[in-house]
$ cat work.txt   # compact mmCIF, C-alpha atoms
# COMPACT_ATOMS: atom_id res chain seq x y z
CA MET G 1468 0.00 0.00 0.00
CA SER G 1469 2.84 2.35 0.95
CA SER G 1470 4.71 1.55 -2.28
CA THR G 1471 1.59 2.33 -4.33
CA ALA G 1472 1.17 5.67 -2.56
CA GLY G 1473 4.81 6.49 -3.19
CA LYS G 1474 4.41 5.86 -6.89
CA LEU G 1475 1.39 8.18 -6.98
CA VAL G 1476 3.32 10.95 -5.24
CA THR G 1477 6.24 10.49 -7.57
CA SER G 1478 4.01 10.65 -10.71
CA ARG G 1479 2.28 13.81 -9.45
CA SER G 1480 5.59 15.50 -8.66
CA GLU G 1481 6.75 14.85 -12.22
CA LEU G 1482 3.75 16.77 -13.64
CA ASN G 1483 4.68 20.31 -14.74
CA ILE G 1484 1.58 22.44 -14.24
CA GLU G 1485 3.15 25.37 -16.13
CA ASP G 1486 2.76 23.36 -19.31
CA TYR G 1487 -1.03 23.71 -18.97
CA LEU G 1488 -1.05 27.44 -18.19
CA PRO G 1489 -0.86 30.37 -20.64
CA SER G 1490 2.55 31.86 -21.23
CA GLY G 1491 3.90 34.28 -18.68
CA SER G 1492 3.79 37.20 -21.09
CA SER G 1493 0.06 36.81 -21.51
CA ILE G 1494 -0.46 36.77 -17.74
CA HIS G 1495 1.99 39.34 -16.46
CA GLU G 1496 2.26 41.80 -19.35
CA PRO G 1497 -0.37 44.52 -19.23
CA ARG G 1498 -2.73 44.88 -22.12
CA GLY G 1499 -1.44 47.53 -24.51
CA LYS G 1500 -3.51 50.47 -25.66
CA LEU G 1501 -5.41 50.09 -28.93
CA ARG G 1502 -3.64 52.07 -31.61
CA LEU G 1503 -5.10 53.94 -34.56
CA ILE G 1504 -3.02 51.87 -36.97
CA ASP G 1505 -4.64 48.69 -35.63
CA LEU G 1506 -8.11 50.02 -36.32
CA ILE G 1507 -7.10 51.21 -39.77
CA ASP G 1508 -5.80 47.71 -40.50
CA ILE G 1509 -9.11 46.08 -39.63
CA SER G 1510 -11.42 48.82 -40.93
CA PRO G 1511 -11.27 47.56 -44.57
CA THR G 1512 -12.49 44.20 -43.34
CA LEU G 1513 -15.31 45.82 -41.38
CA THR G 1514 -16.11 48.02 -44.37
CA GLU G 1515 -16.21 45.05 -46.72
CA ALA G 1516 -18.50 43.16 -44.34
CA ALA G 1517 -20.83 46.14 -44.00
CA GLY G 1518 -20.59 46.76 -47.73
CA ALA G 1519 -21.69 43.22 -48.49
CA ILE G 1520 -24.81 43.76 -46.37
CA VAL G 1521 -25.48 47.13 -48.00
CA ASP G 1522 -24.94 45.75 -51.51
CA ASP G 1523 -27.38 42.95 -50.85
CA SER G 1524 -30.01 45.38 -49.61
CA PHE G 1525 -29.29 47.94 -52.33
CA THR G 1526 -29.13 45.64 -55.35
CA ARG G 1527 -32.35 43.97 -54.23
CA CYS G 1528 -34.14 47.15 -55.34
CA PHE G 1529 -32.96 46.69 -58.94
CA LYS G 1530 -33.41 42.96 -59.43
CA SER G 1531 -36.22 41.40 -61.39
CA ASN G 1532 -37.49 38.26 -59.71
CA PRO G 1533 -38.39 35.70 -62.40
CA PRO G 1534 -41.70 33.89 -61.87
CA GLU G 1535 -41.60 30.34 -60.63
CA PRO G 1536 -41.97 27.82 -63.49
CA TRP G 1537 -45.34 26.13 -63.61
CA ASN G 1538 -44.93 24.01 -66.79
CA TRP G 1539 -43.04 21.33 -64.88
CA ASN G 1540 -44.95 18.23 -65.89
CA ILE G 1541 -46.31 16.57 -69.01
CA TYR G 1542 -49.86 17.75 -68.30
CA LEU G 1543 -49.05 21.47 -68.11
CA PHE G 1544 -46.31 21.67 -70.71
CA PRO G 1545 -48.71 21.37 -73.73
CA LEU G 1546 -50.81 24.21 -72.29
CA TRP G 1547 -47.69 26.35 -71.95
CA CYS G 1548 -46.72 25.60 -75.57
CA PHE G 1549 -50.22 26.55 -76.70
CA GLY G 1550 -49.92 29.84 -74.80
CA VAL G 1551 -46.58 30.61 -76.48
CA VAL G 1552 -48.13 30.03 -79.92
CA VAL G 1553 -51.08 32.30 -79.11
CA ARG G 1554 -48.92 35.09 -77.69
CA TYR G 1555 -46.21 35.10 -80.37
CA CYS G 1556 -48.16 34.04 -83.49
CA ILE G 1557 -51.54 35.69 -82.92
CA LEU G 1558 -51.45 38.43 -80.27
CA PHE G 1559 -48.04 39.85 -81.16
CA PRO G 1560 -48.80 40.42 -84.90
CA LEU G 1561 -52.17 41.96 -84.02
CA ARG G 1562 -50.51 44.27 -81.50
CA CYS G 1563 -47.87 45.31 -84.05
CA LEU G 1564 -50.62 46.18 -86.52
CA THR G 1565 -52.46 48.15 -83.84
CA LEU G 1566 -49.34 50.14 -82.99
CA ALA G 1567 -48.50 50.72 -86.66
CA PHE G 1568 -52.04 51.97 -87.31
CA GLY G 1569 -51.73 54.34 -84.35
CA TRP G 1570 -48.43 55.73 -85.65
CA PHE G 1571 -49.95 56.24 -89.10
CA ILE G 1572 -52.84 58.30 -87.70
CA PHE G 1573 -50.52 60.20 -85.38
CA LEU G 1574 -47.86 61.17 -87.93
CA SER G 1575 -50.35 61.99 -90.69
CA THR G 1576 -51.95 64.51 -88.30
CA PHE G 1577 -49.05 65.68 -86.13
CA ILE G 1578 -46.71 66.71 -88.97
CA PRO G 1579 -49.21 69.03 -90.73
CA VAL G 1580 -50.40 70.52 -87.44
CA HIS G 1581 -46.85 71.12 -86.18
CA SER G 1582 -45.78 72.69 -89.49
CA LEU G 1583 -48.84 74.72 -90.54
CA LEU G 1584 -50.12 76.07 -87.21
CA LYS G 1585 -46.96 77.71 -85.94
CA GLY G 1586 -48.68 81.08 -85.80
CA GLN G 1587 -51.53 79.73 -83.67
CA ASP G 1588 -49.70 78.40 -80.65
CA ARG G 1589 -52.70 77.81 -78.42
CA LEU G 1590 -54.61 75.74 -81.00
CA ARG G 1591 -51.49 73.87 -82.05
CA LYS G 1592 -50.63 72.93 -78.45
CA ASN G 1593 -54.15 71.70 -77.78
CA ILE G 1594 -54.15 69.46 -80.86
CA GLU G 1595 -50.64 68.16 -80.17
CA ARG G 1596 -51.65 67.41 -76.58
CA VAL G 1597 -54.58 65.28 -77.78
CA LEU G 1598 -52.37 63.51 -80.35
CA VAL G 1599 -49.71 62.61 -77.77
CA GLU G 1600 -52.39 61.20 -75.45
CA MET G 1601 -53.75 59.19 -78.40
CA ILE G 1602 -50.43 57.60 -79.42
CA CYS G 1603 -49.75 56.69 -75.77
CA SER G 1604 -53.15 54.97 -75.71
CA PHE G 1605 -52.12 52.94 -78.75
CA PHE G 1606 -48.92 51.95 -76.94
CA VAL G 1607 -50.89 50.78 -73.91
CA GLY G 1608 -53.26 48.91 -76.25
CA SER G 1609 -50.29 47.14 -77.87
CA TRP G 1610 -49.59 45.50 -74.49
CA THR G 1611 -53.26 44.80 -73.85
CA GLY G 1612 -52.83 47.18 -70.94
CA VAL G 1613 -55.39 46.89 -68.16
CA VAL G 1614 -54.96 50.12 -66.20
CA LYS G 1615 -57.26 51.25 -63.42
CA TYR G 1616 -57.08 54.90 -62.36
CA HIS G 1617 -58.17 56.14 -58.93
CA GLY G 1618 -58.80 59.75 -58.02
CA PRO G 1619 -59.45 62.95 -59.97
CA ARG G 1620 -57.75 63.40 -63.33
CA PRO G 1621 -54.85 65.92 -63.26
CA SER G 1622 -55.67 69.41 -64.50
CA ILE G 1623 -53.64 72.28 -65.92
CA ARG G 1624 -52.86 74.70 -63.11
CA PRO G 1625 -49.88 76.91 -62.35
CA LYS G 1626 -47.54 76.23 -59.42
CA GLN G 1627 -48.08 72.50 -59.15
CA VAL G 1628 -45.91 69.48 -59.88
CA TYR G 1629 -46.74 65.76 -60.02
CA VAL G 1630 -44.33 63.18 -58.61
CA ALA G 1631 -44.52 59.40 -58.99
CA ASN G 1632 -42.53 56.27 -58.19
CA HIS G 1633 -40.58 54.92 -61.16
CA THR G 1634 -40.51 51.33 -62.47
CA SER G 1635 -40.03 51.70 -66.21
CA MET G 1636 -40.21 54.25 -69.00
CA ILE G 1637 -43.73 52.94 -69.61
CA ASP G 1638 -44.76 54.77 -66.40
CA PHE G 1639 -44.73 57.91 -68.51
CA ILE G 1640 -46.84 56.26 -71.24
CA VAL G 1641 -49.38 54.93 -68.72
CA LEU G 1642 -49.81 58.39 -67.20
CA GLU G 1643 -49.58 60.28 -70.50
CA GLN G 1644 -52.55 58.52 -72.07
CA MET G 1645 -54.78 60.18 -69.48
CA THR G 1646 -53.09 63.58 -69.25
CA ALA G 1647 -50.40 65.13 -71.46
CA PHE G 1648 -47.67 65.71 -68.87
CA ALA G 1649 -44.44 67.57 -69.44
CA VAL G 1650 -41.97 65.07 -68.02
CA ILE G 1651 -38.40 65.45 -66.76
CA MET G 1652 -36.42 62.56 -68.22
CA GLN G 1653 -32.91 61.34 -68.97
CA LYS G 1654 -31.89 61.89 -72.58
CA HIS G 1655 -31.81 58.54 -74.41
CA PRO G 1656 -30.08 57.50 -77.63
CA GLY G 1657 -31.63 55.86 -80.69
CA TRP G 1658 -35.27 56.09 -81.69
CA VAL G 1659 -36.33 57.02 -78.15
CA GLY G 1660 -34.02 60.05 -78.29
CA LEU G 1661 -35.50 61.00 -81.67
CA LEU G 1662 -39.01 60.97 -80.20
CA GLN G 1663 -37.80 63.02 -77.25
CA SER G 1664 -36.26 65.75 -79.40
CA THR G 1665 -39.18 66.01 -81.83
CA ILE G 1666 -42.61 64.86 -80.65
CA LEU G 1667 -42.34 65.01 -76.86
CA GLU G 1668 -40.80 68.47 -76.83
CA SER G 1669 -44.11 69.70 -78.23
CA VAL G 1670 -45.75 69.03 -74.84
CA GLY G 1671 -42.96 70.79 -72.94
CA CYS G 1672 -40.85 67.81 -71.85
CA ILE G 1673 -37.40 68.59 -70.45
CA TRP G 1674 -34.35 66.37 -71.02
CA PHE G 1675 -31.01 66.14 -69.24
CA ASN G 1676 -27.82 64.09 -69.21
CA ARG G 1677 -27.08 62.60 -65.81
CA SER G 1678 -23.32 62.95 -66.32
CA GLU G 1679 -23.43 66.67 -67.19
CA ALA G 1680 -23.24 68.96 -64.18
CA LYS G 1681 -24.31 72.00 -66.26
CA ASP G 1682 -27.55 70.26 -67.22
CA ARG G 1683 -28.67 70.30 -63.60
CA GLU G 1684 -28.57 74.09 -63.44
CA ILE G 1685 -30.35 74.41 -66.78
CA VAL G 1686 -33.05 71.92 -65.78
CA ALA G 1687 -33.58 73.65 -62.42
CA ARG G 1688 -34.16 76.95 -64.20
CA LYS G 1689 -36.52 75.35 -66.74
CA LEU G 1690 -38.51 73.73 -63.92
CA ARG G 1691 -39.08 77.05 -62.17
CA ASP G 1692 -40.13 78.71 -65.42
CA HIS G 1693 -42.47 75.85 -66.37
CA VAL G 1694 -44.44 75.72 -63.12
CA GLN G 1695 -45.16 79.45 -63.35
CA GLY G 1696 -46.94 79.14 -66.73
CA ALA G 1697 -50.74 79.00 -66.52
CA ASP G 1698 -51.11 77.26 -69.92
CA ASN G 1699 -48.23 74.80 -69.61
CA ASN G 1700 -48.92 71.09 -69.37
CA PRO G 1701 -48.73 69.61 -65.84
CA LEU G 1702 -45.14 68.89 -64.82
CA LEU G 1703 -44.29 65.24 -64.02
CA ILE G 1704 -41.12 64.22 -62.17
CA PHE G 1705 -39.85 60.82 -61.09
CA PRO G 1706 -37.83 61.92 -58.03
CA GLU G 1707 -36.16 58.52 -57.51
CA GLY G 1708 -34.07 59.29 -60.59
CA THR G 1709 -33.89 55.67 -61.72
CA CYS G 1710 -36.09 52.64 -62.32
CA VAL G 1711 -36.81 50.51 -59.24
CA ASN G 1712 -38.39 47.05 -59.36
CA ASN G 1713 -41.82 48.13 -57.98
CA ASN G 1714 -41.18 46.39 -54.68
CA TYR G 1715 -39.23 49.25 -53.08
CA THR G 1716 -38.86 53.03 -53.18
CA VAL G 1717 -35.42 54.64 -52.95
CA MET G 1718 -34.70 58.17 -51.77
CA PHE G 1719 -36.54 61.02 -53.50
CA LYS G 1720 -34.38 63.84 -54.86
CA LYS G 1721 -35.37 67.13 -53.29
CA GLY G 1722 -35.43 69.22 -56.50
CA ALA G 1723 -39.17 68.78 -57.09
CA PHE G 1724 -39.86 69.82 -53.50
CA GLU G 1725 -37.88 73.07 -53.62
CA LEU G 1726 -40.00 74.77 -56.28
CA GLY G 1727 -42.36 76.37 -53.76
CA CYS G 1728 -45.45 74.87 -55.37
CA THR G 1729 -48.06 72.21 -54.62
CA VAL G 1730 -46.85 68.62 -54.97
CA CYS G 1731 -49.36 66.04 -56.25
CA PRO G 1732 -48.24 62.44 -55.48
CA ILE G 1733 -49.00 59.59 -57.89
CA ALA G 1734 -48.62 55.95 -56.83
CA ILE G 1735 -48.12 53.30 -59.54
CA LYS G 1736 -48.35 49.58 -58.82
CA TYR G 1737 -47.94 46.82 -61.42
CA ASN G 1738 -49.43 43.37 -61.02
CA LYS G 1739 -46.83 40.79 -62.03
CA ILE G 1740 -49.36 38.06 -62.77
CA PHE G 1741 -48.60 38.16 -66.52
CA VAL G 1742 -45.36 40.11 -66.87
CA ASP G 1743 -42.88 42.05 -64.76
CA ALA G 1744 -42.98 45.67 -65.96
CA PHE G 1745 -39.63 46.56 -64.34
CA TRP G 1746 -37.08 47.80 -66.90
CA ASN G 1747 -33.47 46.99 -66.05
CA SER G 1748 -31.73 49.34 -68.47
CA ARG G 1749 -28.33 47.75 -67.82
CA LYS G 1750 -29.43 44.35 -69.03
CA GLN G 1751 -32.12 45.18 -71.58
CA SER G 1752 -32.71 47.88 -74.19
CA PHE G 1753 -36.04 49.67 -74.17
CA THR G 1754 -36.89 48.08 -77.53
CA MET G 1755 -36.48 44.58 -76.05
CA HIS G 1756 -38.44 45.70 -73.01
CA LEU G 1757 -41.36 46.73 -75.23
CA LEU G 1758 -41.16 43.42 -77.13
CA GLN G 1759 -41.33 41.59 -73.81
CA LEU G 1760 -44.49 43.49 -72.92
CA MET G 1761 -46.03 43.00 -76.36
CA THR G 1762 -45.49 39.22 -76.21
CA SER G 1763 -47.06 38.86 -72.77
CA TRP G 1764 -50.72 38.24 -72.07
CA ALA G 1765 -51.33 41.69 -70.58
CA VAL G 1766 -49.86 44.51 -68.50
CA VAL G 1767 -51.98 45.02 -65.38
CA CYS G 1768 -51.53 48.25 -63.45
CA GLU G 1769 -53.21 50.54 -60.92
CA VAL G 1770 -52.63 54.27 -60.61
CA TRP G 1771 -53.65 56.42 -57.63
CA TYR G 1772 -53.78 60.23 -57.83
CA LEU G 1773 -53.26 61.15 -54.19
CA GLU G 1774 -54.16 64.27 -52.24
CA PRO G 1775 -52.00 67.31 -53.14
CA GLN G 1776 -49.44 68.32 -50.52
CA THR G 1777 -47.73 71.58 -49.57
CA ILE G 1778 -44.64 72.08 -47.48
CA ARG G 1779 -45.38 72.61 -43.79
CA PRO G 1780 -43.99 75.45 -41.67
CA GLY G 1781 -40.47 74.60 -40.52
CA GLU G 1782 -40.31 71.55 -42.80
CA THR G 1783 -37.22 71.15 -45.00
CA ALA G 1784 -37.35 70.03 -48.62
CA ILE G 1785 -35.83 66.67 -47.65
CA GLU G 1786 -38.45 66.10 -44.95
CA PHE G 1787 -41.18 67.12 -47.40
CA ALA G 1788 -39.84 64.63 -49.95
CA GLU G 1789 -39.79 61.84 -47.36
CA ARG G 1790 -43.35 62.60 -46.31
CA VAL G 1791 -44.56 62.34 -49.91
CA ARG G 1792 -42.54 59.14 -50.37
CA ASP G 1793 -44.31 57.72 -47.32
CA MET G 1794 -47.68 58.41 -48.94
CA ILE G 1795 -46.73 56.78 -52.24
CA SER G 1796 -45.09 53.76 -50.59
CA LEU G 1797 -48.08 53.17 -48.32
CA ARG G 1798 -50.65 53.46 -51.12
CA ALA G 1799 -48.76 51.22 -53.58
CA GLY G 1800 -47.60 48.72 -50.94
CA LEU G 1801 -43.88 49.42 -51.51
CA LYS G 1802 -41.04 49.09 -49.00
CA LYS G 1803 -38.94 52.16 -48.22
CA VAL G 1804 -35.16 51.83 -48.30
CA PRO G 1805 -32.64 54.58 -47.37
CA TRP G 1806 -30.50 54.32 -50.52
CA ASP G 1807 -29.75 56.90 -53.19
CA GLY G 1808 -30.78 55.53 -56.59
CA TYR G 1809 -27.84 57.27 -58.31
CA LEU G 1810 -25.49 54.76 -56.67
CA LYS G 1811 -26.82 52.39 -59.32
CA TYR G 1812 -24.78 54.36 -61.87
CA SER G 1813 -21.72 55.39 -59.84
CA ARG G 1814 -19.80 53.90 -56.94
CA PRO G 1815 -17.44 55.76 -54.55
CA SER G 1816 -13.78 55.98 -55.62
CA SER G 1817 -11.03 54.11 -53.79
CA LYS G 1818 -9.65 57.37 -52.32
CA HIS G 1819 -13.09 58.22 -51.00
CA SER G 1820 -13.35 54.77 -49.42
CA GLU G 1821 -9.92 55.15 -47.78
CA ARG G 1822 -10.91 58.50 -46.29
CA LYS G 1823 -14.09 56.94 -44.93
CA GLN G 1824 -12.07 54.11 -43.40
CA GLN G 1825 -9.69 56.62 -41.78
CA SER G 1826 -12.53 58.66 -40.28
CA PHE G 1827 -14.29 55.48 -39.16
CA ALA G 1828 -11.16 54.25 -37.37
CA GLU G 1829 -10.57 57.63 -35.67
CA SER G 1830 -14.16 57.85 -34.42
CA LEU G 1831 -14.05 54.26 -33.15
CA LEU G 1832 -10.73 54.88 -31.36
CA ALA G 1833 -12.14 58.00 -29.68
CA ARG G 1834 -15.12 56.07 -28.38
CA LEU G 1835 -12.94 53.28 -27.00
CA GLU G 1836 -10.65 55.77 -25.23
CA GLU G 1837 -13.67 57.41 -23.61
CA LYS G 1838 -14.66 54.04 -22.13
$ encode --input "work.txt" --output "structure tokens"
Amino acid sequence: MSSTAGKLVTSRSELNIEDYLPSGSSIHEPRGKLRLIDLIDISPTLTEAAGAIVDDSFTRCFKSNPPEPWNWNIYLFPLWCFGVVVRYCILFPLRCLTLAFGWFIFLSTFIPVHSLLKGQDRLRKNIERVLVEMICSFFVGSWTGVVKYHGPRPSIRPKQVYVANHTSMIDFIVLEQMTAFAVIMQKHPGWVGLLQSTILESVGCIWFNRSEAKDREIVARKLRDHVQGADNNPLLIFPEGTCVNNNYTVMFKKGAFELGCTVCPIAIKYNKIFVDAFWNSRKQSFTMHLLQLMTSWAVVCEVWYLEPQTIRPGETAIEFAERVRDMISLRAGLKKVPWDGYLKYSRPSSKHSERKQQSFAESLLARLEEK
């Protein structure tokens, strides 16, 4: 018994407990102060992690969610094939003929009126206004558009501006068939640009290039002049500045809310049962977008003309814009996100990102030192 106890004592004495403890430096050395350089080293990682979350939330506003396939078995596939034949071989040619007929009537009337009635501006503008509304109706008919309008039809009054959420360039067509608006729009190339510079200028539309800083000053001046005119067509602005997928609303630019006039909100909601009306201009030309609409069963849409709003005492233009965005988002069932839509076209430079990382690290270090 004594020999066994001796062996146990001997084995325990041979154990080195220091082997199972942390090193002396980690126990006895005091914890050093956090340095700015350490935070700068890790701030890119934190920025990238936050950026990934932001990108996911931001890009979600500009993604088109494809419908779930339903022709997944042998029973439904023949029906789907039959639908394709009807849409592409029957409806599409009929819609092309309808649109061609509309253009024939429009051009055969618009060109003589625009050329021969230059001395009678009031009569010419009234006829051109009716013609633009008519050709937009033919466009909507070429998609078999089913549009339901709620609220009083817009009227021509001075010192008022209409603002709406933006899903596609067809927003303008859907609204224009009811009222000939003068719209603020990005200048486009090709046949769309030709229509902008000829036909749509007759109703007072204003164009700009997003990349030109001088255009912003010119447009701002034209906006102020337009809203003062008693006989000018109602002014329509899409304050998001870009097309969003009709599930969200991004930040409204404050320009439309600094004019000192009444703001009339318009909410537009598309039903995606037959086709998604969202236009992703980076992946699809407007011509292909129209072909997609013309080969669908129908474009279903609802439009709400909401109660006019004026800026409240002490309210800034940004707060006014957010209040109107709340109204539109609530009525159309859209989710608000705090992103600027122009980030879709431009991202911050690397120098700008480095400066943000530096300021982020300095502010974080100051907070840690306070604690």
$ atom_distance --input "work.txt" --atom1 "CA of Thr1526 (chain G)" --atom2 "CA of Asp1807 (chain G)"
11.5 Å
$ axis_aligned_box --input "work.txt" --around "region 1648-1667 of chain G" --padding-each-side "8 Å" --output "JSON"
{"center_x": -38.9, "center_y": 61.7, "center_z": -74.3, "size_x": 33.6, "size_y": 27.7, "size_z": 31.1}
$ residues_around --input "work.txt" --residues "Ile1795 (chain G)" --least-positions-apart "3" --cutoff "8 Å" --atoms "all atoms listed in the file" --output "ChimeraX atom specification"
/G:1631-1632,1732-1734,1791-1792,1798-1799,1801
$ atom_distance --input "work.txt" --atom1 "CA of Asn1699 (chain G)" --atom2 "CA of Pro1621 (chain G)"
12.8 Å
$ residues_near_point --input "work.txt" --point "(-47.5, 54.0, -76.7)" --cutoff "9 Å" --atoms "all atoms listed in the file" --output "ChimeraX atom specification"
/G:1566,1569,1599-1609,1637,1640-1641,1644
$ closest_residue --input "work.txt" --among "G:Leu1810, G:Ala1647, G:Val1630, G:Leu1702" --to "Phe1719 (chain G)" --atoms "all atoms listed in the file"
G:Val1630
$ atom_distance --input "work.txt" --atom1 "CA of Pro1701 (chain G)" --atom2 "CA of Leu1757 (chain G)"
25.8 Å
$ residues_around --input "work.txt" --residues "Lys1739 (chain G)" --least-positions-apart "4" --cutoff "8 Å" --atoms "all atoms listed in the file" --output "VMD selection string"
chain G and resid 1743 to 1744 1767
$ closest_residue --input "work.txt" --among "G:Asp1588, G:Glu1789, G:Glu1725, G:Asp1638" --to "Arg1688 (chain G)" --atoms "all atoms listed in the file"
G:Glu1725
$ closest_residue --input "work.txt" --among "G:Val1804, G:Val1686, G:Met1652, G:Val1742" --to "Gly1708 (chain G)" --atoms "only C-alpha atoms"
G:Met1652
$ closest_residue --input "work.txt" --among "G:Gly1550, G:Pro1619, G:Pro1805, G:Gly1696" --to "Asn1538 (chain G)" --atoms "all atoms listed in the file"
G:Gly1550
$ closest_residue --input "work.txt" --among "G:Gly1781, G:Val1694, G:His1633, G:Gly1657" --to "Ser1796 (chain G)" --atoms "only C-alpha atoms"
G:His1633
$ closest_residue --input "work.txt" --among "G:Leu1667, G:Asp1698, G:Arg1691, G:Tyr1629" --to "Cys1731 (chain G)" --atoms "all atoms listed in the file"
G:Tyr1629
$ residues_around --input "work.txt" --residues "Cys1528 (chain G)" --least-positions-apart "6" --cutoff "6 Å" --atoms "all atoms listed in the file" --output "PyMOL selection string"
chain G and resi 1711-1712+1715
$ write_last_selection --input "work.txt" --atoms "C-alpha atoms" --output "PDB file, in the coordinates of the input"
ATOM      1  CA  VAL G1711     -36.810  50.510 -59.240  1.00  0.00           C
ATOM      2  CA  ASN G1712     -38.390  47.050 -59.360  1.00  0.00           C
ATOM      3  CA  TYR G1715     -39.230  49.250 -53.080  1.00  0.00           C
TER       4      TYR G1715
END
$ residues_near_point --input "work.txt" --point "(-31.6, 51.9, -63.4)" --cutoff "10 Å" --atoms "only C-alpha atoms" --output "PyMOL selection string"
chain G and resi 1528-1530+1633-1635+1707-1712+1745-1750+1808-1812
$ decode --input "work.txt" --residues "region 1577-1583 of chain G" --atoms "all heavy atoms" --output "JSON list (two decimals), in the first residue's frame"
[["chain", "number", "residue", "atom", "x", "y", "z"],
["G", 1577, "PHE", "N", -49.99, 64.87, -86.92],
["G", 1577, "PHE", "CA", -49.05, 65.68, -86.13],
["G", 1577, "PHE", "C", -48.16, 66.54, -87.03],
["G", 1577, "PHE", "O", -47.94, 67.73, -86.74],
["G", 1577, "PHE", "CB", -48.19, 64.77, -85.26],
["G", 1577, "PHE", "CG", -47.21, 65.50, -84.40],
["G", 1577, "PHE", "CD1", -47.60, 65.97, -83.15],
["G", 1577, "PHE", "CD2", -45.91, 65.76, -84.81],
["G", 1577, "PHE", "CE1", -46.72, 66.65, -82.34],
["G", 1577, "PHE", "CE2", -45.02, 66.44, -84.01],
["G", 1577, "PHE", "CZ", -45.42, 66.89, -82.77],
["G", 1578, "ILE", "N", -47.64, 65.97, -88.11],
["G", 1578, "ILE", "CA", -46.71, 66.71, -88.97],
["G", 1578, "ILE", "C", -47.37, 67.93, -89.60],
["G", 1578, "ILE", "O", -46.81, 69.05, -89.53],
["G", 1578, "ILE", "CB", -46.11, 65.77, -90.04],
["G", 1578, "ILE", "CG1", -45.23, 64.72, -89.36],
["G", 1578, "ILE", "CG2", -45.30, 66.57, -91.06],
["G", 1578, "ILE", "CD1", -44.69, 63.66, -90.31],
["G", 1579, "PRO", "N", -48.57, 67.81, -90.19],
["G", 1579, "PRO", "CA", -49.21, 69.03, -90.73],
["G", 1579, "PRO", "C", -49.54, 70.05, -89.65],
["G", 1579, "PRO", "O", -49.34, 71.26, -89.86],
["G", 1579, "PRO", "CB", -50.48, 68.49, -91.39],
["G", 1579, "PRO", "CG", -50.21, 67.06, -91.67],
["G", 1579, "PRO", "CD", -49.34, 66.60, -90.56],
["G", 1580, "VAL", "N", -50.04, 69.59, -88.51],
["G", 1580, "VAL", "CA", -50.40, 70.52, -87.44],
["G", 1580, "VAL", "C", -49.16, 71.25, -86.93],
["G", 1580, "VAL", "O", -49.18, 72.47, -86.72],
["G", 1580, "VAL", "CB", -51.10, 69.75, -86.29],
["G", 1580, "VAL", "CG1", -51.20, 70.63, -85.04],
["G", 1580, "VAL", "CG2", -52.48, 69.30, -86.72],
["G", 1581, "HIS", "N", -48.08, 70.53, -86.72],
["G", 1581, "HIS", "CA", -46.85, 71.12, -86.18],
["G", 1581, "HIS", "C", -46.23, 72.10, -87.17],
["G", 1581, "HIS", "O", -45.60, 73.08, -86.75],
["G", 1581, "HIS", "CB", -45.85, 70.00, -85.84],
["G", 1581, "HIS", "CG", -44.66, 70.48, -85.09],
["G", 1581, "HIS", "ND1", -44.72, 70.87, -83.76],
["G", 1581, "HIS", "CD2", -43.36, 70.66, -85.47],
["G", 1581, "HIS", "CE1", -43.53, 71.25, -83.35],
["G", 1581, "HIS", "NE2", -42.69, 71.14, -84.37],
["G", 1582, "SER", "N", -46.41, 71.85, -88.47],
["G", 1582, "SER", "CA", -45.78, 72.69, -89.49],
["G", 1582, "SER", "C", -46.64, 73.88, -89.90],
["G", 1582, "SER", "O", -46.12, 74.98, -90.15],
["G", 1582, "SER", "CB", -45.46, 71.85, -90.73],
["G", 1582, "SER", "OG", -44.64, 70.75, -90.40],
["G", 1583, "LEU", "N", -47.95, 73.70, -89.97],
["G", 1583, "LEU", "CA", -48.84, 74.72, -90.54],
["G", 1583, "LEU", "C", -49.47, 75.65, -89.51],
["G", 1583, "LEU", "O", -49.97, 76.72, -89.88],
["G", 1583, "LEU", "CB", -49.96, 74.04, -91.35],
["G", 1583, "LEU", "CG", -49.48, 73.14, -92.50],
["G", 1583, "LEU", "CD1", -50.67, 72.46, -93.17],
["G", 1583, "LEU", "CD2", -48.67, 73.94, -93.53]]
